[in-house]
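Q: Got a file for you: data09.cif, mmCIF, N, CA and C atoms.
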data_entry
#
loop_
_atom_site.label_atom_id
_atom_site.label_comp_id
_atom_site.auth_asym_id
_atom_site.auth_seq_id
_atom_site.Cartn_x
_atom_site.Cartn_y
_atom_site.Cartn_z
N MET O 1 60.44 -20.17 -10.72
CA MET O 1 59.17 -19.57 -10.46
C MET O 1 58.28 -20.57 -9.70
N THR O 2 57.57 -20.07 -8.79
CA THR O 2 56.69 -20.92 -7.98
C THR O 2 55.32 -20.97 -8.62
N GLN O 3 54.80 -22.17 -8.74
CA GLN O 3 53.46 -22.31 -9.28
C GLN O 3 52.45 -22.18 -8.14
N MET O 4 51.38 -21.42 -8.41
CA MET O 4 50.31 -21.30 -7.42
C MET O 4 49.14 -22.16 -7.84
N ARG O 5 48.64 -22.90 -6.90
CA ARG O 5 47.44 -23.68 -7.19
C ARG O 5 46.24 -22.75 -7.13
N PRO O 6 45.17 -23.06 -7.93
CA PRO O 6 44.00 -22.16 -7.94
C PRO O 6 43.38 -21.97 -6.56
N GLY O 7 43.46 -22.94 -5.71
CA GLY O 7 42.87 -22.82 -4.38
C GLY O 7 43.63 -21.88 -3.48
N ASN O 8 44.87 -21.61 -3.79
CA ASN O 8 45.69 -20.75 -2.93
C ASN O 8 45.72 -19.30 -3.41
N ASN O 9 45.14 -19.00 -4.55
CA ASN O 9 45.18 -17.65 -5.09
C ASN O 9 44.26 -16.75 -4.25
N PRO O 10 44.78 -15.66 -3.67
CA PRO O 10 43.94 -14.80 -2.83
C PRO O 10 42.80 -14.14 -3.61
N LEU O 11 43.01 -13.85 -4.88
CA LEU O 11 41.95 -13.24 -5.68
C LEU O 11 40.78 -14.21 -5.87
N VAL O 12 41.10 -15.48 -6.12
CA VAL O 12 40.05 -16.49 -6.27
C VAL O 12 39.29 -16.66 -4.96
N MET O 13 40.02 -16.66 -3.85
CA MET O 13 39.35 -16.79 -2.55
C MET O 13 38.44 -15.59 -2.28
N LEU O 14 38.89 -14.39 -2.65
CA LEU O 14 38.07 -13.20 -2.48
C LEU O 14 36.79 -13.29 -3.30
N ILE O 15 36.91 -13.75 -4.53
CA ILE O 15 35.73 -13.89 -5.39
C ILE O 15 34.76 -14.92 -4.83
N ILE O 16 35.28 -16.03 -4.33
CA ILE O 16 34.42 -17.07 -3.75
C ILE O 16 33.70 -16.53 -2.51
N ILE O 17 34.43 -15.83 -1.66
CA ILE O 17 33.82 -15.27 -0.44
C ILE O 17 32.76 -14.23 -0.82
N MET O 18 33.04 -13.39 -1.81
CA MET O 18 32.06 -12.39 -2.24
C MET O 18 30.81 -13.05 -2.81
N ALA O 19 30.98 -14.14 -3.55
CA ALA O 19 29.83 -14.86 -4.10
C ALA O 19 28.98 -15.45 -2.98
N ILE O 20 29.62 -16.03 -1.99
CA ILE O 20 28.89 -16.64 -0.86
C ILE O 20 28.14 -15.56 -0.08
N VAL O 21 28.80 -14.44 0.16
CA VAL O 21 28.15 -13.35 0.91
C VAL O 21 26.97 -12.78 0.11
N SER O 22 27.13 -12.64 -1.20
CA SER O 22 26.03 -12.08 -1.99
C SER O 22 24.85 -13.04 -2.05
N ILE O 23 25.09 -14.33 -2.12
CA ILE O 23 23.99 -15.30 -2.10
C ILE O 23 23.28 -15.25 -0.74
N ALA O 24 24.05 -15.18 0.35
CA ALA O 24 23.44 -15.10 1.69
C ALA O 24 22.64 -13.81 1.84
N ALA O 25 23.15 -12.70 1.31
CA ALA O 25 22.42 -11.44 1.40
C ALA O 25 21.13 -11.49 0.58
N GLY O 26 21.17 -12.13 -0.58
CA GLY O 26 19.96 -12.28 -1.39
C GLY O 26 18.90 -13.11 -0.68
N ILE O 27 19.34 -14.18 -0.03
CA ILE O 27 18.40 -15.01 0.73
C ILE O 27 17.81 -14.21 1.90
N ALA O 28 18.66 -13.47 2.60
CA ALA O 28 18.17 -12.66 3.73
C ALA O 28 17.19 -11.59 3.25
N ALA O 29 17.49 -10.95 2.12
CA ALA O 29 16.58 -9.93 1.59
C ALA O 29 15.25 -10.54 1.18
N GLY O 30 15.29 -11.71 0.56
CA GLY O 30 14.05 -12.38 0.17
C GLY O 30 13.21 -12.76 1.38
N LEU O 31 13.84 -13.29 2.41
CA LEU O 31 13.11 -13.63 3.64
C LEU O 31 12.51 -12.38 4.28
N HIS O 32 13.27 -11.31 4.31
CA HIS O 32 12.76 -10.06 4.88
C HIS O 32 11.54 -9.58 4.10
N TYR O 33 11.60 -9.67 2.78
CA TYR O 33 10.47 -9.23 1.96
C TYR O 33 9.22 -10.06 2.25
N TYR O 34 9.36 -11.38 2.26
CA TYR O 34 8.19 -12.24 2.46
C TYR O 34 7.68 -12.22 3.89
N ILE O 35 8.54 -12.00 4.87
CA ILE O 35 8.11 -12.05 6.26
C ILE O 35 7.62 -10.69 6.75
N ILE O 36 8.28 -9.60 6.34
CA ILE O 36 7.98 -8.29 6.90
C ILE O 36 7.28 -7.37 5.91
N ASP O 37 7.84 -7.20 4.71
CA ASP O 37 7.29 -6.21 3.78
C ASP O 37 5.98 -6.64 3.15
N LEU O 38 5.89 -7.87 2.69
CA LEU O 38 4.70 -8.31 1.97
C LEU O 38 3.44 -8.29 2.83
N PRO O 39 3.48 -8.78 4.08
CA PRO O 39 2.25 -8.71 4.89
C PRO O 39 1.79 -7.28 5.15
N SER O 40 2.71 -6.34 5.25
CA SER O 40 2.30 -4.96 5.52
C SER O 40 1.72 -4.28 4.29
N GLN O 41 1.88 -4.88 3.11
CA GLN O 41 1.34 -4.31 1.89
C GLN O 41 -0.06 -4.82 1.57
N LYS O 42 -0.55 -5.76 2.34
CA LYS O 42 -1.89 -6.29 2.06
C LYS O 42 -2.91 -5.18 2.20
N GLU O 43 -3.93 -5.27 1.40
CA GLU O 43 -4.94 -4.22 1.35
C GLU O 43 -5.70 -4.14 2.67
N VAL O 44 -5.74 -2.95 3.22
CA VAL O 44 -6.49 -2.70 4.45
C VAL O 44 -7.81 -2.08 4.03
N LEU O 45 -8.89 -2.72 4.40
CA LEU O 45 -10.21 -2.23 4.03
C LEU O 45 -10.65 -1.14 4.99
N ALA O 46 -11.18 -0.09 4.44
CA ALA O 46 -11.70 1.00 5.26
C ALA O 46 -13.04 0.58 5.86
N PRO O 47 -13.38 1.13 6.99
CA PRO O 47 -14.68 0.80 7.56
C PRO O 47 -15.81 1.31 6.67
N SER O 48 -16.92 0.66 6.78
CA SER O 48 -18.08 1.04 5.99
C SER O 48 -18.56 2.43 6.38
N ASN O 49 -18.95 3.21 5.40
CA ASN O 49 -19.42 4.57 5.65
C ASN O 49 -20.94 4.66 5.52
N ASN O 50 -21.62 3.67 6.02
CA ASN O 50 -23.08 3.68 5.90
C ASN O 50 -23.70 4.79 6.75
N TYR O 51 -23.15 5.04 7.91
CA TYR O 51 -23.71 6.08 8.76
C TYR O 51 -22.97 7.38 8.49
N ILE O 52 -23.68 8.37 8.02
CA ILE O 52 -23.07 9.64 7.66
C ILE O 52 -23.31 10.67 8.76
N GLY O 53 -24.30 10.48 9.54
CA GLY O 53 -24.58 11.41 10.62
C GLY O 53 -25.71 12.37 10.30
N CYS O 54 -26.36 12.20 9.19
CA CYS O 54 -27.47 13.07 8.81
C CYS O 54 -28.79 12.37 9.11
N ASP O 55 -29.78 13.19 9.44
CA ASP O 55 -31.10 12.62 9.66
C ASP O 55 -32.18 13.37 8.88
N ASN O 56 -31.73 14.28 7.97
CA ASN O 56 -32.72 14.97 7.15
C ASN O 56 -32.10 15.35 5.80
N VAL O 57 -32.94 15.75 4.88
CA VAL O 57 -32.53 16.04 3.51
C VAL O 57 -31.59 17.25 3.47
N GLU O 58 -31.83 18.25 4.31
CA GLU O 58 -30.99 19.45 4.30
C GLU O 58 -29.54 19.12 4.66
N CYS O 59 -29.37 18.22 5.59
CA CYS O 59 -28.02 17.81 5.98
C CYS O 59 -27.33 17.13 4.81
N CYS O 60 -28.04 16.26 4.11
CA CYS O 60 -27.46 15.58 2.94
C CYS O 60 -27.12 16.58 1.85
N GLN O 61 -27.96 17.59 1.68
CA GLN O 61 -27.68 18.61 0.68
C GLN O 61 -26.46 19.43 1.08
N ALA O 62 -26.29 19.69 2.36
CA ALA O 62 -25.12 20.43 2.84
C ALA O 62 -23.84 19.63 2.59
N ILE O 63 -23.91 18.31 2.79
CA ILE O 63 -22.76 17.45 2.49
C ILE O 63 -22.41 17.54 1.01
N TYR O 64 -23.43 17.53 0.18
CA TYR O 64 -23.21 17.62 -1.26
C TYR O 64 -22.56 18.96 -1.63
N GLN O 65 -23.03 20.04 -1.04
CA GLN O 65 -22.47 21.35 -1.35
C GLN O 65 -21.01 21.47 -0.90
N ARG O 66 -20.72 20.98 0.30
CA ARG O 66 -19.34 21.01 0.79
C ARG O 66 -18.43 20.20 -0.13
N CYS O 67 -18.92 19.05 -0.54
CA CYS O 67 -18.16 18.18 -1.43
C CYS O 67 -17.90 18.87 -2.76
N LYS O 68 -18.95 19.48 -3.30
CA LYS O 68 -18.85 20.09 -4.62
C LYS O 68 -17.86 21.26 -4.62
N TYR O 69 -17.87 22.06 -3.59
CA TYR O 69 -17.02 23.25 -3.56
C TYR O 69 -15.63 23.00 -2.98
N SER O 70 -15.40 21.80 -2.44
CA SER O 70 -14.07 21.53 -1.87
C SER O 70 -13.03 21.34 -2.96
N GLY O 71 -13.47 20.84 -4.11
CA GLY O 71 -12.53 20.60 -5.21
C GLY O 71 -11.77 19.29 -5.07
N ASP O 72 -12.05 18.54 -4.03
CA ASP O 72 -11.34 17.27 -3.81
C ASP O 72 -11.99 16.11 -4.55
N TYR O 73 -13.23 16.28 -4.97
CA TYR O 73 -13.98 15.18 -5.59
C TYR O 73 -14.56 15.63 -6.93
N THR O 74 -14.85 14.64 -7.76
CA THR O 74 -15.51 14.94 -9.04
C THR O 74 -17.00 15.14 -8.76
N PRO O 75 -17.72 15.78 -9.68
CA PRO O 75 -19.16 15.97 -9.47
C PRO O 75 -19.91 14.64 -9.28
N SER O 76 -19.50 13.61 -10.01
CA SER O 76 -20.19 12.32 -9.86
C SER O 76 -19.93 11.72 -8.49
N GLU O 77 -18.72 11.93 -7.93
CA GLU O 77 -18.46 11.43 -6.58
C GLU O 77 -19.30 12.17 -5.55
N CYS O 78 -19.48 13.46 -5.76
CA CYS O 78 -20.31 14.24 -4.83
C CYS O 78 -21.77 13.81 -4.91
N ARG O 79 -22.25 13.57 -6.13
CA ARG O 79 -23.64 13.09 -6.26
C ARG O 79 -23.79 11.73 -5.60
N SER O 80 -22.77 10.89 -5.72
CA SER O 80 -22.82 9.57 -5.09
C SER O 80 -22.86 9.71 -3.57
N LYS O 81 -22.08 10.64 -3.02
CA LYS O 81 -22.12 10.89 -1.57
C LYS O 81 -23.51 11.35 -1.15
N ARG O 82 -24.10 12.28 -1.92
CA ARG O 82 -25.44 12.77 -1.59
C ARG O 82 -26.45 11.63 -1.66
N ASP O 83 -26.37 10.80 -2.71
CA ASP O 83 -27.31 9.69 -2.85
C ASP O 83 -27.16 8.68 -1.72
N ASN O 84 -25.92 8.42 -1.31
CA ASN O 84 -25.71 7.51 -0.18
C ASN O 84 -26.30 8.09 1.10
N CYS O 85 -26.14 9.39 1.27
CA CYS O 85 -26.70 10.04 2.45
C CYS O 85 -28.23 9.93 2.45
N LEU O 86 -28.82 10.24 1.29
CA LEU O 86 -30.28 10.18 1.19
C LEU O 86 -30.80 8.76 1.43
N SER O 87 -30.09 7.77 0.89
CA SER O 87 -30.56 6.40 1.09
C SER O 87 -30.39 5.96 2.55
N SER O 88 -29.38 6.54 3.25
CA SER O 88 -29.19 6.16 4.65
C SER O 88 -30.31 6.72 5.54
N ILE O 89 -30.98 7.79 5.10
CA ILE O 89 -32.07 8.33 5.92
C ILE O 89 -33.43 7.89 5.36
N GLY O 90 -33.40 7.09 4.31
CA GLY O 90 -34.65 6.56 3.74
C GLY O 90 -35.30 7.45 2.72
N LYS O 91 -34.62 8.46 2.22
CA LYS O 91 -35.17 9.36 1.20
C LYS O 91 -34.35 9.16 -0.07
N GLU O 92 -34.97 8.67 -1.09
CA GLU O 92 -34.23 8.47 -2.34
C GLU O 92 -34.80 9.28 -3.40
#
If you convert what's in this file into structure tokens, what do you get?
A:
Amino acid sequence: MTQMRPGNNPLVMLIIIMAIVSIAAGIAAGLHYYIIDLPSQKEVLAPSNNYIGCDNVECCQAIYQRCKYSGDYTPSECRSKRDNCLSSIGKE
């Protein structure tokens, strides 16, 4: 019977190659995450909504009514929008 040295066993070589490839893939995935994915996840700030486009109380009230009946916002969010509008035209 022929003795095989551990270095010559094809199964051992396959396992070593798979380990090396998996370590390289892990390093590549980590670099991709830190270089490409992470910067794109940083918080993007929305522009300030100080200017609403209203110049009178009726316009602000119309914004409030549209907000209230749209169903997209809570009543407190709609009141906040109205108050922001009123403060932008100098009427509080």
Q: Exactly which residues make up the result of the PyMOL selection byres (((chain O and resi 64 and name CA) around 12) and name CA) on this file, given as a VMD selection string?
A: chain O and resid 52 54 57 to 63 65 to 71 73 to 86
Q: Atoms to include: N, CA and C atoms. Write the selected residues as a CSV table (one decimal), in the coordinates of the input.
A:
chain,number,residue,atom,x,y,z
O,52,ILE,N,-23.7,8.4,8.0
O,52,ILE,CA,-23.1,9.6,7.7
O,52,ILE,C,-23.3,10.7,8.8
O,54,CYS,N,-26.4,12.2,9.2
O,54,CYS,CA,-27.5,13.1,8.8
O,54,CYS,C,-28.8,12.4,9.1
O,57,VAL,N,-32.9,15.8,4.9
O,57,VAL,CA,-32.5,16.0,3.5
O,57,VAL,C,-31.6,17.2,3.5
O,58,GLU,N,-31.8,18.2,4.3
O,58,GLU,CA,-31.0,19.4,4.3
O,58,GLU,C,-29.5,19.1,4.7
O,59,CYS,N,-29.4,18.2,5.6
O,59,CYS,CA,-28.0,17.8,6.0
O,59,CYS,C,-27.3,17.1,4.8
O,60,CYS,N,-28.0,16.3,4.1
O,60,CYS,CA,-27.5,15.6,2.9
O,60,CYS,C,-27.1,16.6,1.8
O,61,GLN,N,-28.0,17.6,1.7
O,61,GLN,CA,-27.7,18.6,0.7
O,61,GLN,C,-26.5,19.4,1.1
O,62,ALA,N,-26.3,19.7,2.4
O,62,ALA,CA,-25.1,20.4,2.8
O,62,ALA,C,-23.8,19.6,2.6
O,63,ILE,N,-23.9,18.3,2.8
O,63,ILE,CA,-22.8,17.4,2.5
O,63,ILE,C,-22.4,17.5,1.0
O,65,GLN,N,-23.0,20.0,-1.0
O,65,GLN,CA,-22.5,21.4,-1.4
O,65,GLN,C,-21.0,21.5,-0.9
O,66,ARG,N,-20.7,21.0,0.3
O,66,ARG,CA,-19.3,21.0,0.8
O,66,ARG,C,-18.4,20.2,-0.1
O,67,CYS,N,-18.9,19.0,-0.5
O,67,CYS,CA,-18.2,18.2,-1.4
O,67,CYS,C,-17.9,18.9,-2.8
O,68,LYS,N,-19.0,19.5,-3.3
O,68,LYS,CA,-18.8,20.1,-4.6
O,68,LYS,C,-17.9,21.3,-4.6
O,69,TYR,N,-17.9,22.1,-3.6
O,69,TYR,CA,-17.0,23.2,-3.6
O,69,TYR,C,-15.6,23.0,-3.0
O,70,SER,N,-15.4,21.8,-2.4
O,70,SER,CA,-14.1,21.5,-1.9
O,70,SER,C,-13.0,21.3,-3.0
O,71,GLY,N,-13.5,20.8,-4.1
O,71,GLY,CA,-12.5,20.6,-5.2
O,71,GLY,C,-11.8,19.3,-5.1
O,73,TYR,N,-13.2,16.3,-5.0
O,73,TYR,CA,-14.0,15.2,-5.6
O,73,TYR,C,-14.6,15.6,-6.9
O,74,THR,N,-14.8,14.6,-7.8
O,74,THR,CA,-15.5,14.9,-9.0
O,74,THR,C,-17.0,15.1,-8.8
O,75,PRO,N,-17.7,15.8,-9.7
O,75,PRO,CA,-19.2,16.0,-9.5
O,75,PRO,C,-19.9,14.6,-9.3
O,76,SER,N,-19.5,13.6,-10.0
O,76,SER,CA,-20.2,12.3,-9.9
O,76,SER,C,-19.9,11.7,-8.5
O,77,GLU,N,-18.7,11.9,-7.9
O,77,GLU,CA,-18.5,11.4,-6.6
O,77,GLU,C,-19.3,12.2,-5.6
O,78,CYS,N,-19.5,13.5,-5.8
O,78,CYS,CA,-20.3,14.2,-4.8
O,78,CYS,C,-21.8,13.8,-4.9
O,79,ARG,N,-22.2,13.6,-6.1
O,79,ARG,CA,-23.6,13.1,-6.3
O,79,ARG,C,-23.8,11.7,-5.6
O,80,SER,N,-22.8,10.9,-5.7
O,80,SER,CA,-22.8,9.6,-5.1
O,80,SER,C,-22.9,9.7,-3.6
O,81,LYS,N,-22.1,10.6,-3.0
O,81,LYS,CA,-22.1,10.9,-1.6
O,81,LYS,C,-23.5,11.4,-1.2
O,82,ARG,N,-24.1,12.3,-1.9
O,82,ARG,CA,-25.4,12.8,-1.6
O,82,ARG,C,-26.4,11.6,-1.7
O,83,ASP,N,-26.4,10.8,-2.7
O,83,ASP,CA,-27.3,9.7,-2.8
O,83,ASP,C,-27.2,8.7,-1.7
O,84,ASN,N,-25.9,8.4,-1.3
O,84,ASN,CA,-25.7,7.5,-0.2
O,84,ASN,C,-26.3,8.1,1.1
O,85,CYS,N,-26.1,9.4,1.3
O,85,CYS,CA,-26.7,10.0,2.4
O,85,CYS,C,-28.2,9.9,2.4
O,86,LEU,N,-28.8,10.2,1.3
O,86,LEU,CA,-30.3,10.2,1.2
O,86,LEU,C,-30.8,8.8,1.4
Q: Based on DSSP run over this structure's backbone, return all residues of range 29-88 of chain O in helix (DSSP H, G or I), as an MDAnalysis selection string.
A: chainID O and resid 29:40 57:70 75:88
Q: Padding 3 Å on every side, please: axis-aligned box over the listed atoms of range 57-76 of chain O, centre and edge lengths to one decimal in Å, as lines of an AutoDock Vina configuration file.
A:
center_x = -22.1
center_y = 17.5
center_z = -2.0
size_x = 27.6
size_y = 17.5
size_z = 22.0
Q: Measure the distance from atom N of Ile89 in chain O to CA of Asp55 in chain O in Å and round it to one decimal.
A: 6.6 Å
